[in-house]
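Visitor: Provided herewith: run-v9.txt, compact mmCIF, C-alpha atoms and all ligand atoms.
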```
# COMPACT_ATOMS: atom_id res chain seq x y z
CA MET C 24 -17.54 -34.17 9.74
CA ASP C 25 -14.00 -34.06 11.16
CA TRP C 26 -11.51 -32.36 8.87
CA GLY C 27 -8.84 -32.15 11.51
CA TRP C 28 -9.92 -28.82 12.97
CA THR C 29 -7.44 -27.08 15.27
CA GLU C 30 -8.26 -26.35 18.91
CA GLU C 31 -8.73 -22.66 17.99
CA GLN C 32 -11.20 -23.64 15.26
CA GLU C 33 -13.07 -25.98 17.61
CA MET C 34 -13.36 -23.17 20.16
CA LEU C 35 -14.73 -20.86 17.48
CA ARG C 36 -17.27 -23.51 16.52
CA ARG C 37 -18.40 -24.05 20.12
CA SER C 38 -18.84 -20.35 20.89
CA LEU C 39 -20.67 -19.78 17.59
CA ALA C 40 -22.93 -22.79 18.16
CA GLU C 41 -23.96 -21.35 21.52
CA PHE C 42 -24.44 -17.86 20.09
CA VAL C 43 -26.61 -19.15 17.23
CA ARG C 44 -28.67 -21.31 19.60
CA THR C 45 -29.38 -18.51 22.05
CA GLU C 46 -29.23 -15.27 20.02
CA VAL C 47 -29.99 -16.11 16.40
CA THR C 48 -32.34 -19.08 16.01
CA PRO C 49 -34.99 -17.76 18.45
CA ASN C 50 -35.11 -14.43 16.55
CA ALA C 51 -34.66 -15.53 12.95
CA LEU C 52 -38.36 -15.63 12.06
CA ALA C 53 -38.94 -12.15 13.53
CA TRP C 54 -36.04 -10.87 11.44
CA GLU C 55 -37.57 -12.51 8.35
CA ARG C 56 -40.81 -10.65 9.04
CA ALA C 57 -38.87 -7.38 9.51
CA GLY C 58 -37.03 -7.96 6.20
CA GLU C 59 -33.65 -7.29 7.81
CA VAL C 60 -31.36 -8.33 10.65
CA PRO C 61 -30.88 -5.81 13.48
CA ARG C 62 -27.69 -3.77 13.72
CA THR C 63 -27.07 -5.39 17.10
CA LEU C 64 -26.41 -8.71 15.35
CA PHE C 65 -23.28 -7.17 13.81
CA THR C 66 -22.04 -5.63 17.08
CA LYS C 67 -22.72 -8.84 19.01
CA LEU C 68 -20.76 -10.88 16.44
CA ALA C 69 -17.96 -8.30 16.70
CA ASP C 70 -17.98 -8.61 20.52
CA LEU C 71 -17.61 -12.36 20.04
CA GLY C 72 -14.60 -11.64 17.79
CA VAL C 73 -16.12 -13.33 14.72
CA LEU C 74 -17.49 -10.52 12.53
CA GLY C 75 -14.38 -9.76 10.49
CA LEU C 76 -12.70 -13.15 10.63
CA ARG C 77 -10.65 -12.57 7.46
CA LEU C 78 -10.09 -8.82 7.93
CA SER C 79 -6.68 -7.43 8.94
CA PRO C 80 -5.88 -7.90 12.64
CA GLU C 81 -4.37 -4.40 12.95
CA LEU C 82 -7.82 -3.05 11.98
CA GLY C 83 -9.73 -5.23 14.42
CA GLY C 84 -10.21 -8.24 12.16
CA GLY C 85 -9.23 -11.83 12.92
CA GLY C 86 -6.55 -12.21 10.24
CA HIS C 87 -7.76 -15.79 9.70
CA ASP C 88 -8.03 -17.85 6.53
CA PHE C 89 -11.23 -19.00 4.82
CA TRP C 90 -11.59 -22.13 6.97
CA PHE C 91 -12.71 -19.86 9.83
CA THR C 92 -15.33 -18.27 7.58
CA ALA C 93 -16.49 -21.79 6.66
CA ILE C 94 -16.98 -22.65 10.34
CA LEU C 95 -18.89 -19.40 10.92
CA LEU C 96 -21.17 -20.23 8.00
CA GLN C 97 -21.76 -23.84 9.03
CA GLU C 98 -22.86 -22.72 12.47
CA MET C 99 -24.93 -19.73 11.36
CA MET C 100 -26.78 -21.81 8.78
CA ARG C 101 -28.19 -23.90 11.64
CA CYS C 102 -30.62 -21.05 12.39
CA GLY C 103 -32.61 -22.18 9.31
CA SER C 104 -32.83 -18.67 7.85
CA ILE C 105 -30.32 -18.21 5.06
CA GLY C 106 -30.83 -14.43 4.98
CA VAL C 107 -29.03 -14.10 8.33
CA PRO C 108 -25.60 -15.37 7.17
CA VAL C 109 -26.16 -13.69 3.79
CA ALA C 110 -26.45 -10.27 5.49
CA VAL C 111 -23.32 -10.92 7.56
CA MET C 112 -21.31 -12.15 4.57
CA ALA C 113 -22.39 -9.27 2.30
CA HIS C 114 -20.96 -6.95 4.96
CA ALA C 115 -17.84 -8.68 6.27
CA GLU C 116 -16.73 -10.63 3.21
CA PHE C 117 -18.18 -9.09 0.04
CA ALA C 118 -18.17 -5.35 0.79
CA THR C 119 -15.23 -5.03 3.16
CA MET C 120 -12.62 -7.53 1.95
CA LEU C 121 -12.14 -5.50 -1.24
CA ILE C 122 -11.42 -2.32 0.76
CA ASP C 123 -9.10 -4.19 3.10
CA ARG C 124 -7.16 -5.88 0.29
CA PHE C 125 -6.90 -3.03 -2.19
CA GLY C 126 -7.72 0.23 -0.35
CA ALA C 127 -5.27 2.98 0.67
CA PRO C 128 -4.26 3.02 4.39
CA GLU C 129 -6.56 5.93 5.28
CA LEU C 130 -9.56 4.37 3.53
CA ARG C 131 -8.93 1.03 5.25
CA GLN C 132 -8.59 2.76 8.60
CA ARG C 133 -11.92 4.56 8.13
CA TYR C 134 -14.02 1.66 6.84
CA VAL C 135 -12.37 -1.66 7.74
CA ALA C 136 -11.92 -0.82 11.43
CA ALA C 137 -15.56 0.35 11.70
CA ALA C 138 -16.72 -2.75 9.80
CA ALA C 139 -14.82 -5.19 12.02
CA SER C 140 -16.37 -3.64 15.15
CA GLY C 141 -19.87 -3.69 13.67
CA GLN C 142 -20.19 0.09 13.96
CA MET C 143 -20.71 0.35 10.21
CA ILE C 144 -22.52 -2.05 7.86
CA GLY C 145 -21.40 -2.51 4.26
CA ALA C 146 -22.90 -3.62 0.95
CA LEU C 147 -21.31 -4.56 -2.36
CA GLY C 148 -22.89 -2.94 -5.41
CA VAL C 149 -21.96 -4.57 -8.71
CA SER C 150 -25.16 -5.80 -10.45
CA GLU C 151 -27.26 -3.38 -12.50
CA PRO C 152 -30.60 -3.60 -14.31
CA ASP C 153 -28.76 -4.15 -17.63
CA ALA C 154 -25.58 -5.84 -16.37
CA GLY C 155 -25.79 -8.86 -14.06
CA SER C 156 -23.79 -11.86 -15.26
CA ASP C 157 -21.95 -9.59 -17.71
CA VAL C 158 -20.13 -7.40 -15.17
CA ALA C 159 -17.98 -5.80 -17.90
CA ALA C 160 -21.15 -4.23 -19.34
CA LEU C 161 -21.96 -2.14 -16.25
CA SER C 162 -22.83 1.48 -17.00
CA THR C 163 -23.13 3.37 -13.68
CA ARG C 164 -20.68 6.18 -14.40
CA ALA C 165 -18.32 8.07 -12.09
CA VAL C 166 -16.82 11.26 -13.52
CA ARG C 167 -13.94 13.04 -11.81
CA ASP C 168 -14.78 16.64 -10.79
CA GLY C 169 -12.07 18.31 -8.69
CA ASP C 170 -11.59 16.32 -5.50
CA ASP C 171 -14.77 14.30 -6.07
CA TYR C 172 -16.32 11.73 -8.35
CA VAL C 173 -19.88 12.42 -9.48
CA ILE C 174 -21.85 9.19 -9.86
CA ASN C 175 -24.95 8.57 -12.00
CA GLY C 176 -26.73 5.28 -12.59
CA SER C 177 -28.34 2.47 -10.59
CA LYS C 178 -27.64 -0.89 -8.97
CA LEU C 179 -30.03 -3.81 -8.55
CA TYR C 180 -30.43 -6.70 -6.05
CA ILE C 181 -27.93 -5.26 -3.55
CA THR C 182 -27.80 -7.19 -0.27
CA ASN C 183 -27.83 -4.80 2.75
CA GLY C 184 -28.60 -2.06 0.22
CA SER C 185 -31.18 -0.27 2.40
CA ILE C 186 -29.31 -0.60 5.70
CA ALA C 187 -25.69 -0.09 4.58
CA ASP C 188 -23.54 2.73 5.97
CA TYR C 189 -21.23 2.37 2.96
CA ILE C 190 -21.48 0.76 -0.43
CA THR C 191 -18.42 -0.69 -2.16
CA LEU C 192 -19.50 0.28 -5.63
CA ALA C 193 -18.37 -0.85 -9.09
CA VAL C 194 -18.48 2.11 -11.48
CA ARG C 195 -17.42 2.96 -15.00
CA THR C 196 -14.60 5.51 -15.05
CA GLY C 197 -13.16 4.71 -18.48
CA GLY C 198 -14.13 3.31 -21.86
CA PRO C 199 -16.34 0.27 -22.55
CA GLY C 200 -15.55 -3.26 -21.39
CA HIS C 201 -13.70 -4.56 -18.37
CA ARG C 202 -10.79 -2.08 -18.62
CA GLY C 203 -12.92 0.97 -17.75
CA ILE C 204 -14.21 -0.19 -14.34
CA SER C 205 -13.24 1.13 -10.90
CA VAL C 206 -14.34 0.50 -7.32
CA ILE C 207 -15.28 3.37 -5.02
CA VAL C 208 -16.70 3.50 -1.49
CA VAL C 209 -19.95 5.49 -1.34
CA PRO C 210 -20.94 6.71 2.15
CA GLY C 211 -24.55 5.79 2.91
CA ASP C 212 -25.48 9.39 3.71
CA SER C 213 -24.23 10.76 0.35
CA LYS C 214 -26.49 13.32 -1.29
CA GLY C 215 -27.95 11.96 -4.51
CA LEU C 216 -28.17 8.34 -3.24
CA LYS C 217 -31.68 6.86 -3.01
CA ARG C 218 -32.63 3.33 -2.01
CA GLN C 219 -35.67 1.16 -2.60
CA ARG C 220 -36.10 -2.13 -0.74
CA LEU C 221 -37.11 -5.08 -2.96
CA GLN C 222 -39.65 -7.80 -2.10
CA LYS C 223 -38.00 -11.21 -2.55
CA LEU C 224 -39.39 -14.71 -2.79
CA GLY C 225 -37.22 -15.89 0.13
CA THR C 226 -34.04 -15.20 2.14
CA HIS C 227 -36.24 -12.64 3.89
CA ALA C 228 -33.90 -11.82 6.79
CA SER C 229 -31.45 -10.15 4.40
CA ASP C 230 -32.41 -6.77 3.04
CA THR C 231 -32.08 -6.42 -0.75
CA ALA C 232 -32.42 -3.08 -2.51
CA GLU C 233 -32.24 -1.13 -5.71
CA LEU C 234 -29.91 1.88 -5.46
CA PHE C 235 -30.17 5.07 -7.50
CA PHE C 236 -27.32 7.57 -7.97
CA ASP C 237 -28.30 11.02 -9.17
CA ASP C 238 -25.27 13.36 -9.33
CA CYS C 239 -24.03 11.60 -6.20
CA ARG C 240 -20.78 13.26 -5.09
CA VAL C 241 -18.13 11.08 -3.41
CA PRO C 242 -14.57 12.08 -2.38
CA ALA C 243 -11.99 10.91 -4.92
CA ALA C 244 -9.99 9.60 -1.94
CA ASN C 245 -12.67 6.88 -1.62
CA LEU C 246 -11.39 5.16 -4.77
CA VAL C 247 -10.27 1.61 -3.95
CA GLY C 248 -6.92 0.90 -5.63
CA ALA C 249 -6.15 2.48 -8.99
CA GLU C 250 -8.66 3.94 -11.45
CA ASN C 251 -9.83 1.46 -14.11
CA GLU C 252 -8.35 -1.51 -12.18
CA GLY C 253 -11.68 -2.47 -10.60
CA PHE C 254 -12.63 -5.45 -12.78
CA ARG C 255 -9.62 -7.48 -11.63
CA MET C 256 -10.43 -6.67 -7.97
CA ILE C 257 -14.08 -7.62 -8.35
CA MET C 258 -13.18 -10.90 -10.05
CA SER C 259 -10.70 -11.83 -7.31
CA GLY C 260 -13.36 -10.99 -4.70
CA PHE C 261 -15.80 -13.31 -6.49
CA GLU C 262 -13.62 -16.31 -5.55
CA GLY C 263 -14.30 -15.78 -1.84
CA GLU C 264 -17.96 -14.97 -2.51
CA ARG C 265 -18.46 -18.19 -4.46
CA LEU C 266 -16.83 -20.24 -1.73
CA VAL C 267 -19.21 -18.58 0.74
CA LEU C 268 -22.17 -19.66 -1.39
CA ALA C 269 -20.75 -23.20 -1.75
CA VAL C 270 -20.31 -23.63 2.02
CA MET C 271 -23.75 -22.17 2.69
CA ALA C 272 -25.25 -24.58 0.16
CA CYS C 273 -23.59 -27.62 1.77
CA ALA C 274 -24.82 -26.56 5.23
CA HIS C 275 -28.28 -25.84 3.83
CA ALA C 276 -28.47 -29.33 2.30
CA ARG C 277 -27.30 -30.96 5.56
CA LEU C 278 -29.96 -29.15 7.54
CA THR C 279 -32.56 -30.15 4.95
CA ILE C 280 -31.73 -33.86 5.01
CA ASP C 281 -31.59 -33.89 8.81
CA GLU C 282 -35.14 -32.51 8.85
CA ALA C 283 -36.21 -35.08 6.25
CA ARG C 284 -34.70 -37.94 8.24
CA LYS C 285 -36.66 -36.96 11.37
CA TRP C 286 -39.88 -36.58 9.40
CA GLY C 287 -39.34 -39.83 7.51
CA HIS C 288 -39.04 -41.75 10.79
CA ASP C 289 -42.00 -40.03 12.49
CA ARG C 290 -44.63 -39.59 9.79
CA ARG C 291 -46.69 -42.66 9.01
CA ALA C 292 -48.72 -43.53 5.92
CA PHE C 293 -50.44 -46.79 5.02
CA GLY C 294 -49.44 -48.27 8.37
CA GLN C 295 -45.68 -47.57 8.33
CA PRO C 296 -43.17 -44.73 8.61
CA LEU C 297 -42.39 -42.98 5.30
CA LEU C 298 -38.82 -44.31 5.57
CA GLY C 299 -40.31 -47.81 5.48
CA PHE C 300 -40.92 -47.23 1.74
CA GLN C 301 -37.88 -48.12 -0.32
CA VAL C 302 -38.58 -45.29 -2.75
CA TRP C 303 -37.88 -42.75 0.02
CA GLN C 304 -34.87 -44.66 1.33
CA HIS C 305 -33.37 -44.48 -2.16
CA ARG C 306 -34.27 -40.85 -2.82
CA LEU C 307 -32.71 -39.72 0.46
CA ALA C 308 -29.69 -41.97 -0.15
CA ASP C 309 -29.17 -40.14 -3.46
CA CYS C 310 -29.51 -36.80 -1.66
CA LEU C 311 -26.96 -37.78 0.97
CA THR C 312 -24.51 -39.00 -1.68
CA ALA C 313 -24.79 -35.70 -3.54
CA ILE C 314 -24.24 -33.75 -0.30
CA GLU C 315 -21.09 -35.73 0.47
CA ALA C 316 -19.81 -35.05 -3.05
CA ALA C 317 -20.64 -31.33 -2.77
CA GLU C 318 -18.77 -31.10 0.54
CA SER C 319 -15.73 -32.88 -0.87
CA LEU C 320 -15.59 -30.52 -3.86
CA THR C 321 -16.07 -27.51 -1.61
CA TRP C 322 -13.42 -28.52 0.93
CA ARG C 323 -10.96 -29.19 -1.89
CA ALA C 324 -11.64 -25.75 -3.40
CA ILE C 325 -11.16 -24.09 0.01
CA ASP C 326 -7.93 -26.00 0.54
CA LEU C 327 -6.52 -24.77 -2.79
CA TYR C 328 -7.74 -21.23 -2.12
CA VAL C 329 -6.21 -20.90 1.36
CA ARG C 330 -2.91 -22.29 0.07
CA GLY C 331 -2.88 -19.60 -2.64
CA LYS C 332 -3.08 -22.11 -5.50
CA PRO C 333 -4.99 -21.37 -8.72
CA ALA C 334 -8.53 -22.46 -7.85
CA GLN C 335 -10.92 -20.64 -10.18
CA SER C 336 -12.12 -23.83 -11.88
CA GLU C 337 -12.47 -25.78 -8.61
CA ILE C 338 -14.27 -22.89 -6.88
CA SER C 339 -16.70 -22.63 -9.79
CA MET C 340 -17.30 -26.40 -9.71
CA ALA C 341 -17.92 -26.27 -5.96
CA LYS C 342 -20.31 -23.32 -6.25
CA LEU C 343 -22.15 -24.94 -9.18
CA PHE C 344 -22.47 -28.41 -7.71
CA ALA C 345 -23.15 -27.45 -4.09
CA THR C 346 -25.85 -24.88 -4.89
CA GLU C 347 -27.61 -27.13 -7.40
CA THR C 348 -27.40 -29.98 -4.87
CA ALA C 349 -28.94 -27.80 -2.14
CA ARG C 350 -31.77 -26.81 -4.49
CA ASP C 351 -32.42 -30.42 -5.62
CA VAL C 352 -32.19 -31.85 -2.10
CA ALA C 353 -34.62 -29.20 -0.83
CA ARG C 354 -37.11 -30.05 -3.59
CA GLU C 355 -36.96 -33.80 -2.81
CA CYS C 356 -37.16 -33.32 0.95
CA ALA C 357 -40.02 -30.81 0.76
CA GLN C 358 -41.94 -33.41 -1.27
CA LEU C 359 -41.40 -35.89 1.58
CA GLN C 360 -43.26 -33.51 3.90
CA GLY C 361 -46.31 -33.36 1.63
CA GLY C 362 -48.66 -30.44 2.34
CA LEU C 363 -46.65 -29.38 5.40
CA GLY C 364 -43.61 -28.87 3.17
CA TYR C 365 -45.50 -26.14 1.35
CA MET C 366 -46.31 -24.17 4.50
CA GLU C 367 -44.58 -20.91 5.42
CA ASP C 368 -44.34 -21.87 9.09
CA CYS C 369 -42.63 -25.17 8.25
CA LEU C 370 -38.81 -25.08 8.28
CA MET C 371 -38.66 -27.42 5.28
CA GLY C 372 -40.93 -25.15 3.27
CA ARG C 373 -38.68 -22.19 3.99
CA LEU C 374 -35.51 -24.19 3.20
CA HIS C 375 -37.04 -25.14 -0.15
CA ARG C 376 -37.98 -21.54 -0.93
CA ASP C 377 -34.60 -20.12 0.14
CA SER C 378 -32.57 -22.70 -1.80
CA LEU C 379 -33.63 -21.04 -5.06
CA ALA C 380 -31.39 -18.00 -4.42
CA LEU C 381 -28.20 -20.05 -4.14
CA THR C 382 -27.85 -20.87 -7.84
CA ILE C 383 -28.19 -17.17 -8.80
CA GLY C 384 -26.22 -15.06 -6.28
CA ALA C 385 -22.46 -14.45 -6.74
CA GLY C 386 -22.68 -15.72 -10.32
CA SER C 387 -25.32 -18.03 -11.71
CA SER C 388 -24.92 -21.73 -12.51
CA GLU C 389 -24.59 -20.82 -16.19
CA THR C 390 -21.74 -18.41 -15.40
CA MET C 391 -20.03 -21.14 -13.36
CA ARG C 392 -20.33 -23.57 -16.29
CA SER C 393 -18.83 -20.96 -18.65
CA ILE C 394 -15.85 -20.43 -16.31
CA ILE C 395 -15.29 -24.18 -15.99
CA ALA C 396 -15.48 -24.61 -19.78
CA ARG C 397 -12.99 -21.77 -20.39
CA ALA C 398 -10.58 -23.02 -17.72
CA ASN C 399 -10.58 -26.56 -19.08
CA ASP C 400 -10.28 -26.01 -22.84
CA LEU C 401 -13.93 -26.86 -23.49
CA THR C 402 -14.74 -23.88 -25.72
CA ALA C 403 -14.54 -23.26 -29.45
CA GLY C 404 -15.61 -20.54 -31.87
CA ASP C 405 -16.75 -17.25 -30.29
CA ALA C 406 -17.41 -18.64 -26.78
C1 LIG C 501 -30.88 -12.65 -3.27
C2 LIG C 501 -29.89 -11.98 -4.15
C3 LIG C 501 -28.88 -11.20 -3.58
C4 LIG C 501 -27.97 -10.53 -4.40
N1 LIG C 501 -27.02 -9.73 -3.83
C5 LIG C 501 -26.18 -9.01 -4.63
C6 LIG C 501 -25.26 -8.09 -4.06
O1 LIG C 501 -25.16 -7.95 -2.84
N2 LIG C 501 -24.50 -7.34 -4.90
C7 LIG C 501 -24.56 -7.47 -6.26
O2 LIG C 501 -23.84 -6.77 -6.96
N3 LIG C 501 -25.44 -8.35 -6.83
C8 LIG C 501 -26.24 -9.11 -6.05
N4 LIG C 501 -27.14 -10.00 -6.61
C9 LIG C 501 -27.23 -10.08 -8.06
C10 LIG C 501 -26.67 -11.37 -8.65
O3 LIG C 501 -25.26 -11.36 -8.59
C11 LIG C 501 -27.20 -11.44 -10.10
O4 LIG C 501 -28.59 -11.66 -10.01
C12 LIG C 501 -26.55 -12.55 -10.90
O5 LIG C 501 -25.19 -12.23 -11.15
C13 LIG C 501 -27.27 -12.75 -12.26
O6 LIG C 501 -27.44 -11.53 -12.91
P1 LIG C 501 -28.91 -11.14 -13.47
O7 LIG C 501 -29.88 -11.36 -12.38
O8 LIG C 501 -28.83 -9.78 -14.05
O9 LIG C 501 -29.22 -12.18 -14.58
P2 LIG C 501 -28.75 -12.12 -16.16
O10 LIG C 501 -27.28 -11.83 -16.23
O11 LIG C 501 -29.69 -11.24 -16.90
O12 LIG C 501 -29.02 -13.61 -16.55
C14 LIG C 501 -30.33 -14.14 -16.68
C15 LIG C 501 -30.20 -15.64 -16.96
O13 LIG C 501 -29.45 -15.83 -18.15
C16 LIG C 501 -28.34 -16.66 -17.86
N5 LIG C 501 -27.17 -16.25 -18.64
C17 LIG C 501 -26.52 -15.07 -18.59
N6 LIG C 501 -25.45 -15.09 -19.40
C18 LIG C 501 -25.43 -16.32 -19.99
C19 LIG C 501 -24.56 -16.96 -20.91
N7 LIG C 501 -23.47 -16.36 -21.39
N8 LIG C 501 -24.87 -18.22 -21.29
C20 LIG C 501 -25.95 -18.86 -20.80
N9 LIG C 501 -26.80 -18.30 -19.91
C21 LIG C 501 -26.55 -17.05 -19.50
C22 LIG C 501 -28.06 -16.49 -16.39
O14 LIG C 501 -27.37 -17.59 -15.85
C23 LIG C 501 -29.46 -16.37 -15.84
O15 LIG C 501 -30.00 -17.65 -15.67
C24 LIG C 501 -28.04 -10.69 -5.82
C25 LIG C 501 -29.04 -11.50 -6.38
C26 LIG C 501 -29.95 -12.14 -5.56
C27 LIG C 501 -31.01 -12.99 -6.18
```
Kindly return the structure encoded in the file as structure tokens.
Ligand SMILES: Cc1cc2nc3c(=O)[nH]c(=O)nc-3n(C[C@H](O)[C@H](O)[C@H](O)COP(=O)(O)OP(=O)(O)OC[C@H]3O[C@@H](n4cnc5c(N)ncnc54)[C@H](O)[C@@H]3O)c2cc1C

Guide:
Amino acid sequence: MDWGWTEEQEMLRRSLAEFVRTEVTPNALAWERAGEVPRTLFTKLADLGVLGLRLSPELGGGGHDFWFTAILLQEMMRCGSIGVPVAVMAHAEFATMLIDRFGAPELRQRYVAAAASGQMIGALGVSEPDAGSDVAALSTRAVRDGDDYVINGSKLYITNGSIADYITLAVRTGGPGHRGISVIVVPGDSKGLKRQRLQKLGTHASDTAELFFDDCRVPAANLVGAENEGFRMIMSGFEGERLVLAVMACAHARLTIDEARKWGHDRRAFGQPLLGFQVWQHRLADCLTAIEAAESLTWRAIDLYVRGKPAQSEISMAKLFATETARDVARECAQLQGGLGYMEDCLMGRLHRDSLALTIGAGSSETMRSIIARANDLTAGDA
């Protein structure tokens, strides 16, 4: 699709396409088996100048807008293993953008520069066993003690959680509700931090962990922004995260339908290719129409976002529609591959399996619908 990319963006796309073809795709299945991407993936992306595309240029980032991140995602998704871009995004976008945007100069110098060069890997820790969609209910507590905060509690489903050198952590520093939340950077080697890798259904190349904080002491200077101002920061970060998921979903659906098209032409049943049956022509036509609509919504949301316009409703619509489209397209296209579509060593089977994570991460479909309803005067009563 040609959206009038600049020469600089086209160059980025070409170098990424080559990198993914030679360095990522051949290794993606081994990384899935290992349950994580290697640290060298981050340093190689940094050497290519694409790891911290949106991070500050004076700290080694690219200083680019979200369109560059979209290109990175489109190309990385071609490797067929969603966990690979998820690990990179959890580091460069989710964990580090918050520090870069809201952190004090010394904190940014310590973490953002190391993140942009791939020397350190980050994770974002918001979700908890008893607070997922309802971020304002989180209970991991940080209590000020001299020059430190002492943290107690736990976090669940944290991408890069086992491998991270720092965790950008949402903690409760004040009273109940959204006003008592802060963000603090926890060094990975902090005493009192324990990690447990989780076994997921898919997206195997990204590590996901549960984190436990037991009297974990962190310098007070690691606070990001002001105390009790964390909820606003986390919510503004969610906009970028949801766009990431929307772009990934569009690319995932494109890859899926391209696989289905090839299979539909090649595989024969009852004397003709599967795409000789009108039922499959129509089902894939519906899939393609939904993908085009998802891309249009997503590109519009990105356009508003990069121009600094209010875009919460459009971003939520894009995230909702694109991720549900990717899931539905994957289900239809896996069915087209019959028994093969249910096999682990079949790309379509893995695309189907991985698509299930898209409608949950960075805010579920139900959360997206609630935001859209609130933003468009579609609520009444206590909602
Ligand atoms: C692969 C993966 C990676 C992740 N990575 C990270 C990460 O790096 N960092 C991080 O902090 N978190 C991460 N998460 C957590 C993710 O953000 C949460 O799973 C998500 O926000 C939902 O929270 P929950 O799982 O606690 O579900 P719950 O909040 O318990 O919700 C359960 C179900 O109820 C629905 N529901 C909730 N509230 C309402 C409502 N008001 N109305 C109707 N339905 C509702 C939800 O939509 C969902 O379907 C990850 C999750 C996954 C699966």

Visitor: Set the distance at 10 Å and use only C-alpha atoms: which residues neighbour Glu264 in chain C once local chain neighbours fewer than 4 positions away are removed? I'd like the list as a VMD selection string.

Guide: chain C and resid 112 to 113 116 to 117 258 to 260 268 to 269 338 342 384 to 386

Visitor: List as a ChimeraX atom specification the protein and nucleic acid residues near Cys356 in chain C, meaning an atom at most 10 Å away when only C-alpha atoms are counted, but skip any in the same chain fewer than 4 places from it.

Guide: /C:276,279-284,286-287,303,306-307,310,351-352,360-361,364,371-372,374-375

Visitor: Grab the residues selected above and save them as a compact mmCIF listing (two decimals), in the coordinates of the input with C-alpha atoms.

Guide:
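Printed below is result.txt as written:
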```txt
# COMPACT_ATOMS: atom_id res chain seq x y z
CA ALA C 276 -28.47 -29.33 2.30
CA THR C 279 -32.56 -30.15 4.95
CA ILE C 280 -31.73 -33.86 5.01
CA ASP C 281 -31.59 -33.89 8.81
CA GLU C 282 -35.14 -32.51 8.85
CA ALA C 283 -36.21 -35.08 6.25
CA ARG C 284 -34.70 -37.94 8.24
CA TRP C 286 -39.88 -36.58 9.40
CA GLY C 287 -39.34 -39.83 7.51
CA TRP C 303 -37.88 -42.75 0.02
CA ARG C 306 -34.27 -40.85 -2.82
CA LEU C 307 -32.71 -39.72 0.46
CA CYS C 310 -29.51 -36.80 -1.66
CA ASP C 351 -32.42 -30.42 -5.62
CA VAL C 352 -32.19 -31.85 -2.10
CA GLN C 360 -43.26 -33.51 3.90
CA GLY C 361 -46.31 -33.36 1.63
CA GLY C 364 -43.61 -28.87 3.17
CA MET C 371 -38.66 -27.42 5.28
CA GLY C 372 -40.93 -25.15 3.27
CA LEU C 374 -35.51 -24.19 3.20
CA HIS C 375 -37.04 -25.14 -0.15
```

Visitor: Rank C:Glu233, C:Asp157, C:Asp405, C:Asp377 by their smallest atom-to-atom distance to ligand LIG 501 (chain C), using all atoms listed in the file, and report the top residue only.

Guide: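 Answer, going by the shortest atom-to-atom distance: C:Asp157.
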
Visitor: Using all atoms listed in the file, find the one residue out of C:Glu46, C:Glu252, C:Asp238, C:Asp123 that sits nearest to Gly203 in chain C.

Guide: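 Ranked by minimum distance to Gly203 in chain C, first place goes to C:Glu252.
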
Visitor: Tell me which of C:Arg240, C:Arg397, C:Arg124, C:Lys178 sits closest to Asp212 in chain C, counting all atoms listed in the file.

Guide: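 Of the candidates, the smallest distance to Asp212 in chain C is held by C:Arg240.
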
Visitor: Would you kindly return, as a list in words, each protein, DNA or RNA residue with an atom no farther than 6 Å from any atom of Ala136 in chain C, considering only C-alpha atoms and excluding same-chain residues fewer than 2 positions away?

Guide: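 My reading of the contact set: Leu82, Gly83, Gln132, Tyr134, Ala138 and Ala139 of chain C.
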
Visitor: So which one's closest to ligand LIG 501 (chain C), C:Ser177, C:Gln335, C:Ser150, C:Thr312? Using only C-alpha atoms and all ligand atoms, please.

Guide: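 Ranking C:Ser177, C:Gln335, C:Ser150, C:Thr312 by distance to ligand LIG 501 (chain C), first place goes to C:Ser150.
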
Visitor: In Å, how far is it from CA of Met366 in chain C to CA of Arg277 in chain C?

Guide: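 The value is 20.2 Å.
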